[in-house]
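One structure is given below, encoded as structure tokens.
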Amino acid sequence: MEQHSTKKGEAVLGDAKGSDFTKCLTCTCVSRPRRLSLLALSVVISRSNQNPLGASSLVMGLKKQREFAPNTFLATVGEGRKFVLFPKNYGIFAQGDTADAVFYVQTGKVKLTVVSKTGKEATVGILGEGDFFGEGSLAGQALRMGSATAMTNCALLRIDNKAMMQALHREHALSDLFVAYLLIRNIRHEEDLVDQLFNSSEKRLARIRLLAHFGKEAPETVIPKISQETLAEMVGTTRSRVSHFMNKFRTLGFIDYDESGLQVHSSLLNIVLHD
């Protein structure tokens with residue numbers, strides 16, 4: 001085997017065959033990290049000699065192990081993350097609590113609320129499967145700016161701030177997914193502001209109550225029951241006005257509702273939101 005020194009403690013190797021290769025693995029002129037690398041290389045060469053496809057299969061296996069699946073990360077427990085279950089109407093965190101984790105909704109509905117200094121409560125969002133919340137803690141928010149409550153039985157993934165930050169820095173696939181989600185949320189908040197400033201309370205009710213559950217081609221759906229008081233808080237109107245509009249939507253055949261929930265027909269979006 002041919003060998004010549006380039007720097008102290010390093011060597012450039014020629015053909016890795018026979019006893020020369022073995023001697024090189026134990027040679028004191030070769031640094032320990034390089035000897036370990038050569039040992040790994042010898043395993044690959046040995047396997048490839050036995051099976052021409054062995055080396056490529058090993059490389060493909062290593063690449064597969066390094067692949068990161070955001071959905072798997074968000075669906076499994078691990079260091080700094082765990083599943084938590086909350087029954088209906090149970091508080092997940094309260095305004096003023098320490099902000100030390102991000103939550104991801106596996107199943108169920110979560111309501112976000114804020115209470116003013118005078119005690120007035122406002123509902124600022126309703127989240128469902130696939131949504132994050134509590135992400136303000138990643139931006140240095142020491143205390144929760146609002147409260148989160150389970151509207152239905154919920155299964156959540158709780159991710160500690162440190163674990164989430166490490167994963168975002170390490171895994172580009174997760175950071176891409178998370179940034180995309182935040183951008184969509186930001187667009188939604190801007191649309192909510194425009195809606196509040198320029199649209200009637202009837203249109204605001206239709207949009208806030210229904211739009212989140214429909215895409216352009218989305219099917220009809222059944223939405224868990226939400227009180228008219230909560231809807232009034234979100235729309236910025238009175239409970240009596242909400243009751244009036246809900247009865248109107250029902251009479252026109254846009255919705256059906258009973259004790260199990262609200263069934264929404266896509267015609268409501270086509271006629272009320274786009275007239």
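Chain identifiers are assigned as A, B, and so on, following the order in which chains appear in the structure tokens; residues are numbered from 1 within each chain, and ligands are numbered from 1 in order of appearance.
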Checklist entry - as number ranges by chain, which residues of segment 117-241 of chain A does DSSP assign to alpha helix (DSSP H)? => result A: 161-170, 172-198, 201-210, 228-235, 239-241
Next on the checklist: List the spatial neighbours of segment 193-201 of chain A as a list in words - criterion: any atom at most 9 Å away, only C-alpha atoms, same-chain residues fewer than 6 positions off excluded.
Outcome noted: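 In the requested form, the answer reads Arg207, Val235, Gly236, Thr237, Arg241, Val242 and Phe245 of chain A.
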Generate a file of the selected residues that holds N, CA and C atoms, formatted as a compact mmCIF listing (two decimals), in the first residue's frame.
```
# COMPACT_ATOMS: atom_id res chain seq x y z
N ARG A 207 -68.01 35.21 8.47
CA ARG A 207 -66.60 34.95 8.23
C ARG A 207 -65.91 34.34 9.44
N VAL A 235 -67.29 38.76 17.12
CA VAL A 235 -67.80 39.63 16.06
C VAL A 235 -67.75 41.09 16.47
N GLY A 236 -67.90 41.36 17.77
CA GLY A 236 -67.95 42.73 18.24
C GLY A 236 -69.35 43.29 18.17
N THR A 237 -70.33 42.46 18.52
CA THR A 237 -71.73 42.91 18.50
C THR A 237 -72.44 42.30 19.71
N ARG A 241 -78.07 40.31 18.32
CA ARG A 241 -77.79 40.44 16.89
C ARG A 241 -77.27 39.10 16.34
N VAL A 242 -76.43 38.44 17.10
CA VAL A 242 -75.93 37.13 16.68
C VAL A 242 -77.09 36.16 16.52
N PHE A 245 -79.00 36.89 13.31
CA PHE A 245 -78.31 36.46 12.08
C PHE A 245 -78.27 34.95 11.96
```
Checklist entry - atom CA of Phe249 of chain A and atom CA of Leu205 of chain A are how many Å apart? => result 10.6 Å
Item to check | From A:Val114, A:Thr72, A:Tyr90, A:Asn161, residue lying nearest Met234 of chain A [only C-alpha atoms] | outcome: A:Val114
Checklist entry - Can you tell me how far atom CA of Pro87 of chain A sits from atom CA of Gly128 of chain A, in Å to one decimal? => result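 Between atom CA of Pro87 of chain A and atom CA of Gly128 of chain A the gap is 14.7 Å.
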Item to check | Point-to-point distance in Å for atom CA of Phe86 of chain A and atom CA of Ala150 of chain A | outcome: 6.5 Å
Next on the checklist: Can you pull out the residues contacting Leu127 of chain A? Cut-off 9 Å, using only C-alpha atoms, and skip same-chain residues under 5 positions away; I want them as a ChimeraX atom specification.
Outcome noted: /A:105,108-112,132-133
Output N, CA and C atoms of each residue in that selection to a file, as a tab-separated table (two decimals), in the first residue's frame.
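File produced: again00.tsv:
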```
chain	number	residue	atom	x	y	z
A	105	VAL	N	-51.95	21.35	18.39
A	105	VAL	CA	-53.24	20.67	18.53
A	105	VAL	C	-53.26	19.40	17.70
A	108	GLY	N	-59.21	18.17	18.57
A	108	GLY	CA	-60.02	19.04	19.41
A	108	GLY	C	-59.98	20.49	18.99
A	109	LYS	N	-60.69	21.33	19.77
A	109	LYS	CA	-60.78	22.77	19.52
A	109	LYS	C	-60.32	23.52	20.76
A	110	VAL	N	-59.56	24.60	20.53
A	110	VAL	CA	-59.03	25.41	21.62
A	110	VAL	C	-59.46	26.86	21.41
A	111	LYS	N	-59.93	27.50	22.49
A	111	LYS	CA	-60.35	28.90	22.43
A	111	LYS	C	-59.30	29.78	23.11
A	112	LEU	N	-58.92	30.86	22.44
A	112	LEU	CA	-57.98	31.83	23.00
A	112	LEU	C	-58.73	33.08	23.40
A	132	PHE	N	-50.74	25.64	15.96
A	132	PHE	CA	-49.87	25.92	17.09
A	132	PHE	C	-50.47	27.05	17.91
A	133	PHE	N	-50.15	27.09	19.18
A	133	PHE	CA	-50.47	28.27	19.99
A	133	PHE	C	-49.49	28.35	21.15
```
In segment 68-271 of chain A, DSSP strand (DSSP E or B) residues written as a short mmCIF file (atom, residue, chain, number, x, y, z; two decimals) with all heavy atoms, in the first residue's frame:
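Heads up, here's the output in selection-v4.cif:
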```cif
data_model
loop_
_atom_site.label_atom_id
_atom_site.label_comp_id
_atom_site.auth_asym_id
_atom_site.auth_seq_id
_atom_site.Cartn_x
_atom_site.Cartn_y
_atom_site.Cartn_z
N GLY A 78 -40.88 12.85 23.01
CA GLY A 78 -39.43 12.81 22.97
C GLY A 78 -38.88 13.79 23.99
O GLY A 78 -39.62 14.31 24.84
N ARG A 81 -40.74 17.18 24.85
CA ARG A 81 -42.11 17.24 24.32
C ARG A 81 -42.91 16.03 24.84
O ARG A 81 -42.38 14.93 24.95
CB ARG A 81 -42.13 17.30 22.80
CG ARG A 81 -41.56 16.11 22.07
CD ARG A 81 -41.51 16.38 20.56
NE ARG A 81 -41.30 15.19 19.79
CZ ARG A 81 -40.12 14.67 19.52
NH1 ARG A 81 -39.03 15.24 19.97
NH2 ARG A 81 -40.03 13.57 18.78
N LYS A 82 -44.19 16.27 25.13
CA LYS A 82 -45.05 15.23 25.67
C LYS A 82 -46.50 15.49 25.30
O LYS A 82 -46.89 16.62 25.01
CB LYS A 82 -44.91 15.16 27.20
CG LYS A 82 -45.34 16.44 27.91
CD LYS A 82 -45.16 16.32 29.42
CE LYS A 82 -45.59 17.61 30.14
NZ LYS A 82 -45.44 17.49 31.60
N PHE A 83 -47.29 14.42 25.31
CA PHE A 83 -48.72 14.54 25.04
C PHE A 83 -49.45 14.93 26.33
O PHE A 83 -49.13 14.43 27.41
CB PHE A 83 -49.29 13.22 24.52
CG PHE A 83 -48.92 12.92 23.10
CD1 PHE A 83 -48.31 11.73 22.77
CD2 PHE A 83 -49.18 13.82 22.08
CE1 PHE A 83 -47.95 11.44 21.47
CE2 PHE A 83 -48.84 13.54 20.77
CZ PHE A 83 -48.23 12.35 20.46
N VAL A 84 -50.40 15.83 26.19
CA VAL A 84 -51.25 16.21 27.32
C VAL A 84 -52.71 16.20 26.86
O VAL A 84 -53.01 16.60 25.75
CB VAL A 84 -50.87 17.61 27.87
CG1 VAL A 84 -49.56 17.54 28.64
CG2 VAL A 84 -50.76 18.63 26.75
N LEU A 85 -53.58 15.72 27.72
CA LEU A 85 -55.01 15.63 27.41
C LEU A 85 -55.77 16.62 28.29
O LEU A 85 -55.51 16.74 29.49
CB LEU A 85 -55.52 14.22 27.65
CG LEU A 85 -54.82 13.10 26.85
CD1 LEU A 85 -55.39 11.74 27.26
CD2 LEU A 85 -54.98 13.32 25.35
N PHE A 86 -56.73 17.33 27.69
CA PHE A 86 -57.55 18.28 28.43
C PHE A 86 -59.02 18.02 28.12
O PHE A 86 -59.41 17.97 26.95
CB PHE A 86 -57.21 19.73 28.02
CG PHE A 86 -55.83 20.17 28.45
CD1 PHE A 86 -54.75 20.02 27.58
CD2 PHE A 86 -55.61 20.72 29.70
CE1 PHE A 86 -53.48 20.42 27.97
CE2 PHE A 86 -54.35 21.12 30.09
CZ PHE A 86 -53.28 20.97 29.22
N GLY A 91 -59.02 24.62 31.50
CA GLY A 91 -58.03 25.62 31.16
C GLY A 91 -56.67 24.99 30.85
O GLY A 91 -56.17 24.17 31.62
N ILE A 92 -56.09 25.39 29.73
CA ILE A 92 -54.77 24.88 29.33
C ILE A 92 -53.68 25.75 29.95
O ILE A 92 -52.71 25.25 30.52
CB ILE A 92 -54.65 24.85 27.80
CG1 ILE A 92 -55.72 23.93 27.22
CG2 ILE A 92 -53.25 24.41 27.37
CD1 ILE A 92 -55.90 24.04 25.72
N PHE A 93 -53.82 27.05 29.83
CA PHE A 93 -53.01 28.01 30.58
C PHE A 93 -53.81 29.29 30.72
O PHE A 93 -54.78 29.52 29.99
CB PHE A 93 -51.63 28.26 29.94
CG PHE A 93 -51.66 28.78 28.52
CD1 PHE A 93 -52.04 30.09 28.22
CD2 PHE A 93 -51.25 27.97 27.47
CE1 PHE A 93 -52.04 30.56 26.92
CE2 PHE A 93 -51.25 28.43 26.17
CZ PHE A 93 -51.65 29.73 25.89
N THR A 98 -46.55 31.66 33.38
CA THR A 98 -45.23 31.62 32.77
C THR A 98 -45.31 31.00 31.38
O THR A 98 -45.92 29.95 31.19
CB THR A 98 -44.25 30.80 33.64
OG1 THR A 98 -44.17 31.39 34.94
CG2 THR A 98 -42.86 30.78 33.01
N ALA A 101 -43.60 27.09 27.01
CA ALA A 101 -43.78 26.01 26.06
C ALA A 101 -44.70 26.44 24.92
O ALA A 101 -45.46 27.40 25.03
CB ALA A 101 -44.37 24.77 26.76
N VAL A 102 -44.59 25.70 23.82
CA VAL A 102 -45.47 25.86 22.66
C VAL A 102 -46.38 24.63 22.61
O VAL A 102 -45.97 23.52 22.97
CB VAL A 102 -44.66 25.95 21.36
CG1 VAL A 102 -45.58 26.09 20.15
CG2 VAL A 102 -43.70 27.12 21.43
N PHE A 103 -47.62 24.82 22.16
CA PHE A 103 -48.56 23.71 22.06
C PHE A 103 -48.96 23.49 20.60
O PHE A 103 -49.05 24.43 19.82
CB PHE A 103 -49.83 24.00 22.88
CG PHE A 103 -49.60 24.02 24.37
CD1 PHE A 103 -49.19 25.17 25.00
CD2 PHE A 103 -49.81 22.88 25.13
CE1 PHE A 103 -48.97 25.19 26.38
CE2 PHE A 103 -49.59 22.88 26.49
CZ PHE A 103 -49.18 24.04 27.12
N TYR A 104 -49.18 22.21 20.28
CA TYR A 104 -49.63 21.82 18.95
C TYR A 104 -50.89 20.98 19.11
O TYR A 104 -50.90 20.02 19.87
CB TYR A 104 -48.53 21.01 18.24
CG TYR A 104 -48.91 20.52 16.86
CD1 TYR A 104 -48.89 21.38 15.76
CD2 TYR A 104 -49.27 19.18 16.66
CE1 TYR A 104 -49.23 20.93 14.51
CE2 TYR A 104 -49.59 18.73 15.39
CZ TYR A 104 -49.57 19.60 14.31
OH TYR A 104 -49.90 19.15 13.06
N VAL A 105 -51.95 21.35 18.39
CA VAL A 105 -53.24 20.67 18.53
C VAL A 105 -53.26 19.40 17.70
O VAL A 105 -53.18 19.46 16.46
CB VAL A 105 -54.40 21.60 18.11
CG1 VAL A 105 -55.74 20.89 18.34
CG2 VAL A 105 -54.35 22.92 18.88
N GLN A 106 -53.36 18.26 18.37
CA GLN A 106 -53.52 16.99 17.68
C GLN A 106 -54.99 16.77 17.31
O GLN A 106 -55.30 16.50 16.16
CB GLN A 106 -53.03 15.84 18.57
CG GLN A 106 -51.54 15.85 18.87
CD GLN A 106 -50.70 15.35 17.72
OE1 GLN A 106 -51.24 14.87 16.73
NE2 GLN A 106 -49.40 15.45 17.85
N THR A 107 -55.86 16.89 18.30
CA THR A 107 -57.31 16.77 18.07
C THR A 107 -58.02 17.75 18.99
O THR A 107 -57.51 18.10 20.07
CB THR A 107 -57.82 15.34 18.36
OG1 THR A 107 -57.55 15.01 19.73
CG2 THR A 107 -57.15 14.32 17.45
N VAL A 110 -59.56 24.60 20.53
CA VAL A 110 -59.03 25.41 21.62
C VAL A 110 -59.46 26.86 21.41
O VAL A 110 -59.38 27.40 20.30
CB VAL A 110 -57.49 25.34 21.67
CG1 VAL A 110 -56.93 26.29 22.72
CG2 VAL A 110 -57.03 23.92 21.94
N LYS A 111 -59.93 27.50 22.49
CA LYS A 111 -60.35 28.90 22.43
C LYS A 111 -59.30 29.78 23.11
O LYS A 111 -58.85 29.48 24.22
CB LYS A 111 -61.71 29.07 23.13
CG LYS A 111 -62.22 30.52 23.13
CD LYS A 111 -63.63 30.61 23.70
CE LYS A 111 -63.67 30.33 25.17
NZ LYS A 111 -65.00 30.63 25.76
N LEU A 112 -58.92 30.86 22.44
CA LEU A 112 -57.98 31.83 23.00
C LEU A 112 -58.73 33.08 23.40
O LEU A 112 -59.50 33.63 22.61
CB LEU A 112 -56.90 32.18 21.97
CG LEU A 112 -56.09 31.03 21.38
CD1 LEU A 112 -55.07 31.56 20.37
CD2 LEU A 112 -55.40 30.23 22.47
N THR A 113 -58.54 33.53 24.63
CA THR A 113 -59.24 34.70 25.14
C THR A 113 -58.27 35.66 25.82
O THR A 113 -57.19 35.27 26.25
CB THR A 113 -60.34 34.31 26.14
OG1 THR A 113 -59.73 33.59 27.23
CG2 THR A 113 -61.40 33.43 25.49
N VAL A 114 -58.68 36.92 25.91
CA VAL A 114 -57.91 37.96 26.60
C VAL A 114 -58.88 38.72 27.50
O VAL A 114 -60.02 39.00 27.10
CB VAL A 114 -57.24 38.93 25.61
CG1 VAL A 114 -56.51 40.04 26.35
CG2 VAL A 114 -56.27 38.19 24.71
N VAL A 115 -58.44 39.06 28.71
CA VAL A 115 -59.25 39.82 29.66
C VAL A 115 -58.59 41.18 29.89
O VAL A 115 -57.38 41.26 30.16
CB VAL A 115 -59.41 39.07 31.00
CG1 VAL A 115 -60.24 39.90 31.97
CG2 VAL A 115 -60.05 37.71 30.77
N GLU A 121 -63.88 40.36 28.83
CA GLU A 121 -63.23 39.25 28.14
C GLU A 121 -63.56 39.28 26.66
O GLU A 121 -64.69 39.55 26.26
CB GLU A 121 -63.65 37.92 28.74
CG GLU A 121 -62.96 36.71 28.10
CD GLU A 121 -63.36 35.40 28.74
OE1 GLU A 121 -62.71 35.00 29.73
OE2 GLU A 121 -64.35 34.79 28.27
N ALA A 122 -62.56 38.99 25.83
CA ALA A 122 -62.76 38.92 24.38
C ALA A 122 -62.14 37.63 23.87
O ALA A 122 -61.05 37.22 24.28
CB ALA A 122 -62.11 40.12 23.69
N THR A 123 -62.86 36.97 22.96
CA THR A 123 -62.34 35.77 22.30
C THR A 123 -61.57 36.20 21.06
O THR A 123 -62.13 36.85 20.18
CB THR A 123 -63.49 34.83 21.91
OG1 THR A 123 -64.21 34.43 23.09
CG2 THR A 123 -62.95 33.58 21.21
N VAL A 124 -60.30 35.85 20.99
CA VAL A 124 -59.45 36.32 19.89
C VAL A 124 -59.12 35.22 18.89
O VAL A 124 -58.51 35.50 17.85
CB VAL A 124 -58.14 36.93 20.44
CG1 VAL A 124 -58.43 38.16 21.26
CG2 VAL A 124 -57.37 35.90 21.27
N GLY A 125 -59.52 34.00 19.17
CA GLY A 125 -59.25 32.95 18.21
C GLY A 125 -59.79 31.60 18.64
O GLY A 125 -59.93 31.33 19.84
N ILE A 126 -60.11 30.79 17.65
CA ILE A 126 -60.51 29.40 17.87
C ILE A 126 -59.64 28.54 16.98
O ILE A 126 -59.61 28.71 15.76
CB ILE A 126 -62.00 29.18 17.56
CG1 ILE A 126 -62.87 29.96 18.54
CG2 ILE A 126 -62.34 27.70 17.61
CD1 ILE A 126 -64.35 29.87 18.27
N LEU A 127 -58.90 27.63 17.58
CA LEU A 127 -57.93 26.82 16.86
C LEU A 127 -58.36 25.36 16.81
O LEU A 127 -59.11 24.90 17.67
CB LEU A 127 -56.56 26.93 17.54
CG LEU A 127 -56.02 28.35 17.76
CD1 LEU A 127 -54.70 28.30 18.49
CD2 LEU A 127 -55.89 29.09 16.44
N PHE A 132 -50.74 25.64 15.96
CA PHE A 132 -49.87 25.92 17.09
C PHE A 132 -50.47 27.05 17.91
O PHE A 132 -51.17 27.91 17.37
CB PHE A 132 -48.48 26.38 16.61
CG PHE A 132 -47.67 25.33 15.90
CD1 PHE A 132 -47.73 25.19 14.52
CD2 PHE A 132 -46.81 24.49 16.61
CE1 PHE A 132 -46.97 24.25 13.86
CE2 PHE A 132 -46.05 23.54 15.96
CZ PHE A 132 -46.13 23.42 14.58
N PHE A 133 -50.15 27.09 19.18
CA PHE A 133 -50.47 28.27 19.99
C PHE A 133 -49.49 28.35 21.15
O PHE A 133 -48.83 27.38 21.50
CB PHE A 133 -51.93 28.26 20.48
CG PHE A 133 -52.29 27.14 21.42
CD1 PHE A 133 -52.30 27.34 22.80
CD2 PHE A 133 -52.66 25.89 20.94
CE1 PHE A 133 -52.66 26.32 23.67
CE2 PHE A 133 -53.02 24.86 21.80
CZ PHE A 133 -53.01 25.08 23.18
N LEU A 143 -44.54 36.02 30.06
CA LEU A 143 -45.85 35.67 30.62
C LEU A 143 -46.89 35.56 29.50
O LEU A 143 -46.78 36.24 28.47
CB LEU A 143 -46.31 36.72 31.64
CG LEU A 143 -45.38 36.98 32.83
CD1 LEU A 143 -45.93 38.10 33.69
CD2 LEU A 143 -45.19 35.71 33.66
N SER A 147 -55.41 33.66 27.63
CA SER A 147 -55.71 32.32 28.17
C SER A 147 -56.10 31.38 27.04
O SER A 147 -56.60 31.80 26.00
CB SER A 147 -56.85 32.40 29.19
OG SER A 147 -56.52 33.25 30.26
N ALA A 148 -55.89 30.09 27.27
CA ALA A 148 -56.29 29.05 26.32
C ALA A 148 -57.16 28.04 27.05
O ALA A 148 -56.78 27.56 28.13
CB ALA A 148 -55.07 28.37 25.71
N THR A 149 -58.30 27.72 26.45
CA THR A 149 -59.26 26.80 27.08
C THR A 149 -59.70 25.75 26.07
O THR A 149 -59.91 26.07 24.89
CB THR A 149 -60.50 27.57 27.57
OG1 THR A 149 -60.08 28.63 28.44
CG2 THR A 149 -61.45 26.66 28.32
N ALA A 150 -59.84 24.51 26.51
CA ALA A 150 -60.31 23.44 25.64
C ALA A 150 -61.82 23.59 25.42
O ALA A 150 -62.58 23.56 26.37
CB ALA A 150 -60.00 22.09 26.26
N CYS A 154 -59.48 17.63 24.17
CA CYS A 154 -58.31 17.96 23.34
C CYS A 154 -57.12 17.06 23.64
O CYS A 154 -56.87 16.73 24.81
CB CYS A 154 -57.89 19.42 23.55
SG CYS A 154 -59.06 20.63 22.91
N ALA A 155 -56.41 16.70 22.60
CA ALA A 155 -55.11 16.04 22.71
C ALA A 155 -54.08 16.98 22.13
O ALA A 155 -54.15 17.34 20.96
CB ALA A 155 -55.11 14.70 21.96
N LEU A 156 -53.13 17.41 22.96
CA LEU A 156 -52.14 18.40 22.56
C LEU A 156 -50.73 17.84 22.74
O LEU A 156 -50.49 16.98 23.57
CB LEU A 156 -52.28 19.68 23.40
CG LEU A 156 -53.66 20.29 23.53
CD1 LEU A 156 -53.61 21.49 24.48
CD2 LEU A 156 -54.22 20.71 22.18
N LEU A 157 -49.81 18.37 21.94
CA LEU A 157 -48.39 18.10 22.14
C LEU A 157 -47.78 19.35 22.76
O LEU A 157 -47.86 20.43 22.18
CB LEU A 157 -47.70 17.78 20.82
CG LEU A 157 -46.20 17.48 20.91
CD1 LEU A 157 -45.97 16.17 21.66
CD2 LEU A 157 -45.56 17.41 19.53
N ARG A 158 -47.20 19.18 23.94
CA ARG A 158 -46.54 20.30 24.62
C ARG A 158 -45.04 20.21 24.37
O ARG A 158 -44.41 19.21 24.67
CB ARG A 158 -46.81 20.25 26.13
CG ARG A 158 -46.24 21.42 26.92
CD ARG A 158 -46.41 21.20 28.42
NE ARG A 158 -46.03 22.38 29.17
CZ ARG A 158 -44.77 22.69 29.52
NH1 ARG A 158 -43.79 21.88 29.15
NH2 ARG A 158 -44.50 23.78 30.21
N ILE A 159 -44.47 21.28 23.79
CA ILE A 159 -43.06 21.30 23.43
C ILE A 159 -42.37 22.41 24.22
O ILE A 159 -42.72 23.59 24.08
CB ILE A 159 -42.86 21.54 21.92
CG1 ILE A 159 -43.75 20.61 21.10
CG2 ILE A 159 -41.39 21.34 21.54
CD1 ILE A 159 -43.76 20.91 19.62
N ASP A 160 -41.41 22.05 25.05
CA ASP A 160 -40.67 23.05 25.82
C ASP A 160 -39.98 24.03 24.87
O ASP A 160 -39.57 23.67 23.76
CB ASP A 160 -39.61 22.39 26.70
CG ASP A 160 -40.22 21.56 27.83
OD1 ASP A 160 -41.41 21.78 28.12
OD2 ASP A 160 -39.51 20.71 28.38
N THR A 221 -69.35 20.72 6.65
CA THR A 221 -68.77 20.19 7.88
C THR A 221 -69.68 20.47 9.05
O THR A 221 -70.55 21.33 8.99
CB THR A 221 -67.39 20.83 8.13
OG1 THR A 221 -66.79 20.20 9.25
CG2 THR A 221 -67.51 22.31 8.41
N VAL A 222 -69.47 19.70 10.12
CA VAL A 222 -70.18 19.93 11.37
C VAL A 222 -69.21 20.53 12.37
O VAL A 222 -68.15 19.98 12.61
CB VAL A 222 -70.78 18.61 11.92
CG1 VAL A 222 -71.41 18.85 13.28
CG2 VAL A 222 -71.80 18.05 10.94
N ILE A 223 -69.56 21.68 12.93
CA ILE A 223 -68.70 22.41 13.84
C ILE A 223 -69.23 22.27 15.26
O ILE A 223 -70.43 22.37 15.49
CB ILE A 223 -68.67 23.92 13.46
CG1 ILE A 223 -68.25 24.06 12.00
CG2 ILE A 223 -67.73 24.69 14.37
CD1 ILE A 223 -68.41 25.46 11.46
N ILE A 255 -77.39 27.08 7.05
CA ILE A 255 -76.90 26.28 8.17
C ILE A 255 -78.03 25.45 8.75
O ILE A 255 -79.21 25.76 8.55
CB ILE A 255 -76.28 27.16 9.29
CG1 ILE A 255 -77.36 28.08 9.87
CG2 ILE A 255 -75.10 27.96 8.77
CD1 ILE A 255 -76.89 28.87 11.09
N ASP A 256 -77.65 24.42 9.49
CA ASP A 256 -78.56 23.64 10.32
C ASP A 256 -77.85 23.41 11.64
O ASP A 256 -76.63 23.14 11.65
CB ASP A 256 -78.90 22.29 9.69
CG ASP A 256 -79.80 22.44 8.46
OD1 ASP A 256 -80.84 23.11 8.58
OD2 ASP A 256 -79.43 21.91 7.39
N TYR A 257 -78.54 23.53 12.75
CA TYR A 257 -77.87 23.27 14.02
C TYR A 257 -78.84 22.68 15.03
O TYR A 257 -80.05 22.90 14.99
CB TYR A 257 -77.21 24.54 14.58
CG TYR A 257 -78.13 25.73 14.78
CD1 TYR A 257 -78.82 25.91 15.98
CD2 TYR A 257 -78.28 26.68 13.79
CE1 TYR A 257 -79.63 27.01 16.17
CE2 TYR A 257 -79.10 27.79 13.97
CZ TYR A 257 -79.77 27.95 15.17
OH TYR A 257 -80.59 29.04 15.34
N ASP A 258 -78.26 21.87 15.91
CA ASP A 258 -79.00 21.27 17.00
C ASP A 258 -78.02 21.08 18.16
O ASP A 258 -76.97 21.72 18.21
CB ASP A 258 -79.62 19.93 16.57
CG ASP A 258 -78.61 18.99 15.94
OD1 ASP A 258 -77.42 19.04 16.33
OD2 ASP A 258 -78.99 18.18 15.08
N GLY A 261 -74.25 20.13 17.29
CA GLY A 261 -73.35 21.09 16.66
C GLY A 261 -74.01 21.79 15.50
O GLY A 261 -75.24 21.73 15.30
N LEU A 262 -73.18 22.47 14.71
CA LEU A 262 -73.64 23.29 13.61
C LEU A 262 -73.16 22.72 12.29
O LEU A 262 -71.97 22.49 12.10
CB LEU A 262 -73.10 24.72 13.77
CG LEU A 262 -73.35 25.70 12.64
CD1 LEU A 262 -74.83 26.06 12.56
CD2 LEU A 262 -72.52 26.96 12.84
N GLN A 263 -74.10 22.45 11.37
CA GLN A 263 -73.73 22.00 10.04
C GLN A 263 -73.78 23.18 9.10
O GLN A 263 -74.80 23.86 8.98
CB GLN A 263 -74.67 20.89 9.54
CG GLN A 263 -74.26 20.35 8.18
CD GLN A 263 -75.13 19.20 7.72
OE1 GLN A 263 -76.17 18.94 8.31
NE2 GLN A 263 -74.70 18.51 6.68
N VAL A 264 -72.66 23.43 8.45
CA VAL A 264 -72.53 24.60 7.59
C VAL A 264 -72.55 24.18 6.14
O VAL A 264 -71.85 23.25 5.74
CB VAL A 264 -71.21 25.34 7.88
CG1 VAL A 264 -71.10 26.60 7.03
CG2 VAL A 264 -71.12 25.68 9.35
#
```
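Closest approach to Phe68 of chain A among A:Ser137, A:Ser227, A:Ser243, A:Ser175 is made by A:Ser175 (distances from only C-alpha atoms).
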Next on the checklist: Residues near Ala69 of chain A, anyone? I mean within 8 Å using only C-alpha atoms, not counting same-chain ones fewer than 2 positions away, as a PyMOL selection string.
Outcome noted: chain A and resi 67+71-73+173-174
Next on the checklist: I'd like to know which of A:Ala206, A:Asp97, A:Thr76, A:Lys120 is closest to Gly134 of chain A, using only C-alpha atoms.
Outcome noted: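 Looking only at the distances to Gly134 of chain A, the closest residue turns out to be A:Asp97.
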